[in-house]
>>> print(open('upload_0.cif').read())   # mmCIF, C-alpha atoms and all ligand atoms
data_data
#
loop_
_atom_site.label_atom_id
_atom_site.label_comp_id
_atom_site.auth_asym_id
_atom_site.auth_seq_id
_atom_site.Cartn_x
_atom_site.Cartn_y
_atom_site.Cartn_z
CA MET A 1120 -60.00 -28.68 55.54
CA LEU A 1121 -60.72 -27.74 59.15
CA SER A 1122 -58.83 -29.04 62.14
CA ALA A 1123 -59.77 -28.17 65.72
CA LYS A 1124 -57.45 -29.45 68.42
CA ASN A 1125 -58.45 -29.43 72.06
CA LEU A 1126 -60.48 -26.22 71.83
CA ASP A 1127 -61.70 -24.46 74.95
CA VAL A 1128 -64.10 -21.54 74.68
CA ARG A 1129 -65.18 -19.70 77.80
CA TYR A 1130 -67.66 -17.12 78.99
CA GLY A 1131 -65.73 -15.67 81.93
CA GLN A 1132 -64.87 -18.68 84.11
CA PHE A 1133 -67.46 -20.94 82.45
CA ARG A 1134 -66.05 -23.46 79.96
CA ALA A 1135 -68.84 -23.70 77.37
CA VAL A 1136 -66.62 -25.75 74.99
CA ARG A 1137 -64.27 -28.21 76.67
CA GLY A 1138 -61.33 -29.79 74.89
CA VAL A 1139 -63.12 -30.27 71.58
CA SER A 1140 -61.20 -31.83 68.68
CA LEU A 1141 -62.77 -32.10 65.25
CA GLU A 1142 -61.40 -32.84 61.78
CA VAL A 1143 -63.50 -31.85 58.77
CA LYS A 1144 -62.57 -33.08 55.31
CA GLN A 1145 -63.39 -31.32 52.07
CA GLY A 1146 -66.88 -32.21 50.81
CA GLU A 1147 -68.07 -33.58 54.16
CA THR A 1148 -71.47 -32.70 55.59
CA ILE A 1149 -71.63 -32.73 59.36
CA ALA A 1150 -74.70 -32.40 61.55
CA LEU A 1151 -73.76 -30.96 64.94
CA ILE A 1152 -76.34 -32.22 67.39
CA GLY A 1153 -76.95 -31.67 71.09
CA ALA A 1154 -79.41 -30.44 73.68
CA ASN A 1155 -79.96 -26.76 74.45
CA GLY A 1156 -76.82 -25.38 76.06
CA ALA A 1157 -74.56 -28.23 74.87
CA GLY A 1158 -72.16 -25.72 73.32
CA LYS A 1159 -72.95 -26.06 69.61
CA SER A 1160 -73.38 -22.36 68.82
CA THR A 1161 -70.40 -21.47 70.96
CA LEU A 1162 -68.20 -23.92 69.04
CA LEU A 1163 -69.43 -22.69 65.65
CA ARG A 1164 -69.02 -19.04 66.60
CA ALA A 1165 -65.49 -19.70 67.84
CA ILE A 1166 -64.66 -21.48 64.57
CA ALA A 1167 -65.99 -18.46 62.65
CA GLY A 1168 -64.06 -16.00 64.83
CA ALA A 1169 -67.10 -14.43 66.48
CA LEU A 1170 -65.89 -15.62 69.90
CA PRO A 1171 -62.29 -15.87 71.11
CA ILE A 1172 -60.70 -19.30 71.53
CA TYR A 1173 -59.35 -19.60 75.08
CA SER A 1174 -56.99 -22.49 74.37
CA GLY A 1175 -56.30 -25.12 71.74
CA GLU A 1176 -55.57 -24.69 68.05
CA LEU A 1177 -57.74 -24.17 65.00
CA SER A 1178 -56.48 -24.61 61.43
CA PHE A 1179 -58.24 -24.05 58.13
CA LYS A 1180 -56.65 -25.38 54.94
CA HIS A 1181 -53.44 -26.10 56.91
CA LYS A 1182 -53.13 -22.53 58.18
CA VAL A 1183 -53.46 -21.77 61.88
CA ILE A 1184 -56.38 -19.35 62.40
CA THR A 1185 -56.89 -19.71 66.16
CA HIS A 1186 -56.79 -15.96 66.71
CA ALA A 1187 -57.51 -14.68 63.18
CA ALA A 1188 -60.17 -11.97 62.79
CA SER A 1189 -63.54 -13.22 61.53
CA CYS A 1190 -63.24 -11.18 58.29
CA ASP A 1191 -59.90 -12.87 57.55
CA ARG A 1192 -61.58 -16.26 58.01
CA VAL A 1193 -64.29 -15.25 55.52
CA LYS A 1194 -61.55 -14.15 53.10
CA GLN A 1195 -60.00 -17.59 53.45
CA GLY A 1196 -63.33 -19.26 52.66
CA LEU A 1197 -65.02 -19.94 55.97
CA SER A 1198 -68.51 -18.51 56.33
CA LEU A 1199 -71.08 -18.72 59.14
CA VAL A 1200 -74.83 -18.24 58.88
CA PRO A 1201 -75.54 -17.37 62.52
CA GLU A 1202 -78.55 -18.40 64.53
CA GLY A 1203 -81.11 -15.58 64.22
CA ARG A 1204 -79.89 -14.64 60.71
CA ARG A 1205 -78.54 -11.18 61.66
CA LEU A 1206 -79.70 -9.37 58.52
CA PHE A 1207 -79.68 -5.61 58.08
CA THR A 1208 -83.42 -5.09 58.30
CA GLU A 1209 -83.47 -1.60 56.72
CA MET A 1210 -81.59 -2.85 53.66
CA THR A 1211 -83.16 -4.77 50.77
CA ILE A 1212 -82.58 -8.46 50.08
CA GLU A 1213 -80.27 -7.53 47.22
CA GLU A 1214 -78.27 -5.10 49.36
CA ASN A 1215 -77.89 -7.71 52.10
CA LEU A 1216 -76.70 -10.25 49.53
CA LEU A 1217 -74.20 -7.82 48.03
CA LEU A 1218 -72.63 -7.36 51.47
CA GLY A 1219 -71.37 -10.92 51.14
CA LYS A 1220 -69.57 -9.86 47.98
CA THR A 1221 -67.56 -7.06 49.64
CA ILE A 1222 -65.00 -9.62 50.79
CA ASN A 1223 -64.19 -10.13 47.09
CA ARG A 1224 -63.35 -13.83 47.10
CA ALA A 1225 -63.14 -15.38 43.67
CA GLY A 1226 -65.82 -17.91 42.78
CA ASP A 1227 -69.05 -18.67 40.95
CA TRP A 1228 -71.53 -17.18 43.37
CA ASP A 1229 -73.27 -13.99 42.26
CA LEU A 1230 -76.78 -12.56 42.58
CA ASP A 1231 -78.11 -14.63 39.65
CA ARG A 1232 -76.90 -17.90 41.12
CA VAL A 1233 -78.29 -17.06 44.58
CA PHE A 1234 -81.67 -16.24 43.00
CA ASP A 1235 -81.52 -19.53 41.06
CA THR A 1236 -80.89 -21.38 44.31
CA PHE A 1237 -83.58 -19.47 46.24
CA PRO A 1238 -86.26 -18.65 43.64
CA ASN A 1239 -88.61 -17.37 46.37
CA LEU A 1240 -86.33 -14.33 46.76
CA VAL A 1241 -86.54 -13.12 43.16
CA LYS A 1242 -89.83 -11.22 43.45
CA ARG A 1243 -88.81 -9.77 46.80
CA ARG A 1244 -85.29 -8.70 45.83
CA HIS A 1245 -86.03 -5.00 46.41
CA ALA A 1246 -88.02 -5.52 49.63
CA LYS A 1247 -86.47 -4.55 52.95
CA ALA A 1248 -85.14 -7.54 54.84
CA GLY A 1249 -87.18 -6.53 57.90
CA SER A 1250 -90.41 -7.09 55.97
CA LEU A 1251 -89.57 -10.67 54.90
CA SER A 1252 -91.01 -13.92 56.19
CA GLY A 1253 -88.79 -16.17 58.32
CA GLY A 1254 -88.09 -18.44 55.35
CA GLU A 1255 -87.15 -15.53 53.10
CA GLN A 1256 -84.87 -14.14 55.80
CA GLN A 1257 -83.17 -17.52 56.22
CA ALA A 1258 -82.68 -17.85 52.47
CA THR A 1259 -81.21 -14.32 52.36
CA ALA A 1260 -78.82 -15.11 55.24
CA ILE A 1261 -77.63 -18.29 53.49
CA GLY A 1262 -77.40 -16.43 50.16
CA ARG A 1263 -75.31 -13.69 51.76
CA ALA A 1264 -72.87 -16.30 53.07
CA LEU A 1265 -72.72 -17.95 49.63
CA MET A 1266 -71.88 -14.61 47.99
CA SER A 1267 -68.52 -14.79 49.78
CA ASN A 1268 -67.82 -18.04 47.86
CA PRO A 1269 -67.16 -20.13 50.98
CA GLU A 1270 -65.33 -23.44 50.90
CA LEU A 1271 -66.76 -24.28 54.32
CA LEU A 1272 -70.33 -23.19 55.05
CA ILE A 1273 -71.47 -23.26 58.66
CA LEU A 1274 -75.21 -23.10 59.30
CA ASP A 1275 -76.51 -22.57 62.83
CA GLU A 1276 -80.13 -23.70 63.34
CA VAL A 1277 -81.34 -23.06 59.80
CA SER A 1278 -84.86 -24.29 60.52
CA LEU A 1279 -85.44 -22.41 63.77
CA GLY A 1280 -88.83 -20.68 63.82
CA LEU A 1281 -89.81 -21.79 60.30
CA SER A 1282 -92.95 -23.68 59.30
CA PRO A 1283 -92.45 -27.29 58.14
CA LEU A 1284 -93.16 -26.31 54.53
CA VAL A 1285 -90.54 -23.54 54.59
CA VAL A 1286 -88.03 -25.84 56.29
CA ASP A 1287 -88.52 -28.25 53.37
CA GLN A 1288 -87.75 -25.41 50.94
CA VAL A 1289 -84.63 -24.30 52.82
CA TYR A 1290 -83.40 -27.92 52.96
CA ALA A 1291 -84.07 -28.44 49.26
CA SER A 1292 -81.70 -25.53 48.63
CA ILE A 1293 -78.94 -26.65 50.97
CA GLU A 1294 -79.21 -30.19 49.61
CA LYS A 1295 -78.33 -28.71 46.23
CA LEU A 1296 -75.25 -27.13 47.82
CA ARG A 1297 -74.32 -30.42 49.50
CA ASP A 1298 -74.73 -32.35 46.25
CA ALA A 1299 -72.52 -29.80 44.48
CA GLY A 1300 -69.73 -30.71 46.95
CA THR A 1301 -69.87 -27.78 49.40
CA THR A 1302 -68.42 -28.67 52.80
CA ILE A 1303 -71.14 -27.98 55.37
CA ILE A 1304 -71.39 -28.06 59.15
CA LEU A 1305 -74.92 -27.54 60.36
CA VAL A 1306 -76.68 -27.40 63.68
CA GLU A 1307 -80.10 -28.99 63.48
CA GLN A 1308 -82.47 -29.77 66.34
CA ALA A 1309 -84.64 -32.10 64.25
CA LEU A 1310 -82.71 -35.35 64.57
CA ASP A 1311 -84.27 -37.23 61.66
CA ARG A 1312 -83.64 -34.34 59.32
CA ALA A 1313 -80.05 -33.99 60.54
CA ILE A 1314 -79.37 -37.69 59.98
CA ALA A 1315 -80.99 -37.62 56.54
CA PHE A 1316 -79.01 -34.56 55.46
CA ALA A 1317 -75.52 -35.17 56.79
CA LYS A 1318 -72.94 -37.87 56.13
CA ARG A 1319 -71.58 -37.51 59.65
CA ALA A 1320 -73.18 -36.85 63.02
CA VAL A 1321 -71.28 -35.12 65.82
CA CYS A 1322 -73.08 -34.91 69.15
CA MET A 1323 -72.14 -32.51 71.94
CA LEU A 1324 -73.02 -32.79 75.61
CA GLU A 1325 -72.00 -30.22 78.21
CA GLY A 1326 -69.30 -28.70 76.04
CA ARG A 1327 -67.75 -31.98 74.86
CA ILE A 1328 -68.09 -34.19 71.82
CA VAL A 1329 -69.63 -37.48 72.96
CA LEU A 1330 -70.34 -39.08 69.58
CA ASP A 1331 -68.71 -38.65 66.17
CA LYS A 1332 -69.84 -41.18 63.56
CA LEU A 1333 -70.87 -41.50 59.95
CA THR A 1334 -74.66 -41.36 59.88
CA ALA A 1335 -74.59 -44.65 57.93
CA ASP A 1336 -72.82 -46.29 60.91
CA THR A 1337 -75.12 -45.04 63.66
CA ASN A 1338 -78.84 -44.72 64.31
CA ARG A 1339 -81.40 -42.55 66.03
CA HIS A 1340 -81.22 -44.60 69.24
CA GLU A 1341 -77.44 -44.27 69.62
CA ILE A 1342 -77.53 -40.55 68.85
CA THR A 1343 -80.39 -39.99 71.33
CA GLU A 1344 -78.42 -41.77 74.06
CA ALA A 1345 -75.40 -39.56 73.37
CA TYR A 1346 -77.67 -36.50 73.27
CA PHE A 1347 -78.96 -37.21 76.77
CA GLY A 1348 -75.65 -38.50 78.12
CA LEU A 1349 -76.94 -42.07 78.57
CA GLN A 1350 -74.08 -43.81 76.79
CA GLN A 1351 -70.88 -45.02 78.43
CA SER A 1352 -68.44 -44.86 75.54
CA ALA A 1353 -67.78 -41.16 75.12
CA THR A 1354 -65.43 -40.46 72.22
CA GLN A 1355 -63.65 -37.77 74.19
CA GLU A 1356 -62.72 -38.30 77.78
CA ALA A 1357 -63.53 -35.63 80.33
CA SER A 1358 -60.50 -33.49 80.90
N1 LIG A 1401 -73.06 -14.91 76.16
C1 LIG A 1401 -73.02 -15.88 77.06
N2 LIG A 1401 -72.58 -15.67 78.31
C2 LIG A 1401 -72.53 -16.65 79.24
N3 LIG A 1401 -72.86 -17.93 79.00
C3 LIG A 1401 -73.31 -18.22 77.77
C4 LIG A 1401 -73.40 -17.22 76.74
N4 LIG A 1401 -73.85 -17.82 75.61
C5 LIG A 1401 -74.04 -19.12 75.92
N5 LIG A 1401 -73.71 -19.35 77.21
C6 LIG A 1401 -73.76 -20.64 77.89
O1 LIG A 1401 -72.85 -21.51 77.22
C7 LIG A 1401 -73.40 -22.82 77.14
C8 LIG A 1401 -73.44 -23.24 75.70
O2 LIG A 1401 -74.37 -22.42 75.01
P1 LIG A 1401 -74.62 -22.55 73.44
O3 LIG A 1401 -75.53 -21.45 73.03
O4 LIG A 1401 -73.32 -22.67 72.76
O5 LIG A 1401 -75.36 -23.95 73.37
P2 LIG A 1401 -76.14 -24.61 72.17
O6 LIG A 1401 -75.78 -26.04 72.17
O7 LIG A 1401 -75.91 -23.84 70.92
O8 LIG A 1401 -77.63 -24.43 72.64
P3 LIG A 1401 -78.94 -23.93 71.87
O9 LIG A 1401 -79.40 -25.12 71.10
O10 LIG A 1401 -79.87 -23.58 73.00
O11 LIG A 1401 -78.56 -22.75 71.02
C9 LIG A 1401 -74.77 -22.77 77.82
O12 LIG A 1401 -74.62 -23.20 79.15
C10 LIG A 1401 -75.12 -21.30 77.77
O13 LIG A 1401 -75.95 -20.94 78.86
#
>>> encode(input="upload_0.cif", output="structure tokens")
Amino acid sequence: MLSAKNLDVRYGQFRAVRGVSLEVKQGETIALIGANGAGKSTLLRAIAGALPIYSGELSFKHKVITHAASCDRVKQGLSLVPEGRRLFTEMTIEENLLLGKTINRAGDWDLDRVFDTFPNLVKRRHAKAGSLSGGEQQATAIGRALMSNPELLILDEVSLGLSPLVVDQVYASIEKLRDAGTTIILVEQALDRAIAFAKRAVCMLEGRIVLDKLTADTNRHEITEAYFGLQQSATQEAS
């Protein structure tokens, strides 16, 4: 579904993502793991078209999208829920959700289905997004992405700033999406949760992928070593 080949993403001279290659198959769930500054958000934002790709090639459903505008990527079925949610705070939940619909991609997602998936939003549907709790805002941001009927859903730090109880609720909802076959890449700082949720773990260190394994074939210890750069067998050689 998604194929990244040797991607470099830069801020000025600084290579935040260095020669990253990643293949994502339909229906896969991938946890993108790594320490602060490892390059996870930069990679996801470049995949979504929010940052330019300096070099390398990115394809989605066999079509090269390396330099496609982000709205064209959404039209093709690739949707990012960014870190920090980025809602329109003066608009209501419902209005924020409907923004996801403006792209007009065919599919089953509509307001009713989003409210079924996130029942905590129903009573607050006419409340301004700026007045919502963190959990409600996160649910709205995910719901807005779903309204575009994505084939690949990318979630950056869904649990950031949420209480453990609310994180459980958000995960219960995205587990439903996973079990329905949605392809998901998610950044998650809580390692145990990431391993429990995803079928595959991809760990980044200093802009590179240093571990890429099925979660069933790895363990917390191996991922932690990759996370801190303690392992010898990097899956991608330094370029
Ligand atoms: N706008 C920017 N300008 C310059 N450098 C940046 C910018 N955004 C990120 N960086 C740098 O790029 C590197 C990767 O950052 P990125 O946010 O992608 O990491 P991350 O793995 O998502 O970390 P975090 O978990 O803290 O969000 C870091 O060294 C960071 O300081």
>>> closest_residue(input="upload_0.cif", among="A:Trp1228, A:Tyr1346, A:Phe1237, A:Phe1179", to="ligand LIG 1401 (chain A)", atoms="only C-alpha atoms and all ligand atoms")
A:Tyr1346
>>> closest_residue(input="upload_0.cif", among="A:Val1289, A:Val1193, A:Leu1333, A:Ala1154", to="ligand LIG 1401 (chain A)", atoms="only C-alpha atoms and all ligand atoms")
A:Ala1154
>>> residues_near_ligand(input="upload_0.cif", ligand="ligand LIG 1401 (chain A)", cutoff="7 Å", atoms="all atoms listed in the file", output="list in words")
Tyr1130, Ala1135, Gly1153, Ala1154, Asn1155, Gly1156, Ala1157, Gly1158, Lys1159, Ser1160, Thr1161, Leu1162 and Gly1326 of chain A
>>> write_last_selection(input="upload_0.cif", atoms="C-alpha atoms", output="mmCIF file, keeping the file's coordinate frame")
data_model
loop_
_atom_site.group_PDB
_atom_site.id
_atom_site.type_symbol
_atom_site.label_atom_id
_atom_site.label_comp_id
_atom_site.auth_asym_id
_atom_site.auth_seq_id
_atom_site.Cartn_x
_atom_site.Cartn_y
_atom_site.Cartn_z
ATOM 1 C CA TYR A 1130 -67.660 -17.120 78.990
ATOM 2 C CA ALA A 1135 -68.840 -23.700 77.370
ATOM 3 C CA GLY A 1153 -76.950 -31.670 71.090
ATOM 4 C CA ALA A 1154 -79.410 -30.440 73.680
ATOM 5 C CA ASN A 1155 -79.960 -26.760 74.450
ATOM 6 C CA GLY A 1156 -76.820 -25.380 76.060
ATOM 7 C CA ALA A 1157 -74.560 -28.230 74.870
ATOM 8 C CA GLY A 1158 -72.160 -25.720 73.320
ATOM 9 C CA LYS A 1159 -72.950 -26.060 69.610
ATOM 10 C CA SER A 1160 -73.380 -22.360 68.820
ATOM 11 C CA THR A 1161 -70.400 -21.470 70.960
ATOM 12 C CA LEU A 1162 -68.200 -23.920 69.040
ATOM 13 C CA GLY A 1326 -69.300 -28.700 76.040
#
>>> closest_residue(input="upload_0.cif", among="A:Ala1248, A:Leu1141, A:Ala1187, A:Ala1165", to="A:Glu1209", atoms="all atoms listed in the file")
A:Ala1248
>>> residues_around(input="upload_0.cif", residues="A:Asp1336", least_positions_apart="5", cutoff="12 Å", atoms="all atoms listed in the file", output="list of chain:residue names")
A:Ile1314, A:Lys1318, A:Arg1319, A:Ala1320, A:Leu1330, A:Asp1331, A:Glu1341, A:Ile1342
>>> write_last_selection(input="upload_0.cif", atoms="C-alpha atoms", output="JSON list (two decimals), keeping the file's coordinate frame")
[["chain", "number", "residue", "atom", "x", "y", "z"],
["A", 1314, "ILE", "CA", -79.37, -37.69, 59.98],
["A", 1318, "LYS", "CA", -72.94, -37.87, 56.13],
["A", 1319, "ARG", "CA", -71.58, -37.51, 59.65],
["A", 1320, "ALA", "CA", -73.18, -36.85, 63.02],
["A", 1330, "LEU", "CA", -70.34, -39.08, 69.58],
["A", 1331, "ASP", "CA", -68.71, -38.65, 66.17],
["A", 1341, "GLU", "CA", -77.44, -44.27, 69.62],
["A", 1342, "ILE", "CA", -77.53, -40.55, 68.85]]
>>> closest_residue(input="upload_0.cif", among="A:Lys1295, A:Phe1207, A:Tyr1290, A:Leu1284", to="A:Ser1250", atoms="all atoms listed in the file")
A:Phe1207
>>> closest_residue(input="upload_0.cif", among="A:Thr1211, A:Thr1185, A:Gln1257, A:Ser1122", to="A:Gln1288", atoms="only C-alpha atoms")
A:Gln1257
>>> closest_residue(input="upload_0.cif", among="A:Glu1325, A:Asp1127, A:Glu1270, A:Glu1344", to="A:Lys1144", atoms="all atoms listed in the file")
A:Glu1270
>>> residues_around(input="upload_0.cif", residues="A:Asn1268", least_positions_apart="5", cutoff="7 Å", atoms="only C-alpha atoms", output="list in words")
Gly1196, Arg1224, Ala1225, Gly1226 and Trp1228 of chain A
>>> residues_around(input="upload_0.cif", residues="A:Arg1312", least_positions_apart="5", cutoff="10 Å", atoms="all atoms listed in the file", output="list in words")
Ala1150, Asp1287, Tyr1290, Glu1307 and Ala1317 of chain A
>>> write_last_selection(input="upload_0.cif", atoms="C-alpha atoms", output="short mmCIF file (atom, residue, chain, number, x, y, z; two decimals), in the coordinates of the input")
data_model
loop_
_atom_site.label_atom_id
_atom_site.label_comp_id
_atom_site.auth_asym_id
_atom_site.auth_seq_id
_atom_site.Cartn_x
_atom_site.Cartn_y
_atom_site.Cartn_z
CA ALA A 1150 -74.70 -32.40 61.55
CA ASP A 1287 -88.52 -28.25 53.37
CA TYR A 1290 -83.40 -27.92 52.96
CA GLU A 1307 -80.10 -28.99 63.48
CA ALA A 1317 -75.52 -35.17 56.79
#
>>> residues_around(input="upload_0.cif", residues="stretch 1145-1149 of chain A", least_positions_apart="3", cutoff="10 Å", atoms="only C-alpha atoms", output="PyMOL selection string")
chain A and resi 1120-1121+1152+1180+1270-1273+1297-1306+1313-1314+1316-1321+1331-1334
>>> atom_distance(input="upload_0.cif", atom1="atom CA of A:Asn1223", atom2="atom CA of A:Leu1296")
20.3 Å
>>> residues_around(input="upload_0.cif", residues="A:Leu1170", least_positions_apart="6", cutoff="10 Å", atoms="only C-alpha atoms", output="list in words")
Val1128, Arg1129, Tyr1130, Thr1161, Leu1162, Leu1163, Arg1164, His1186, Ala1188 and Ser1189 of chain A
>>> atom_distance(input="upload_0.cif", atom1="atom CA of A:Gly1262", atom2="atom CA of A:Phe1234")
8.3 Å
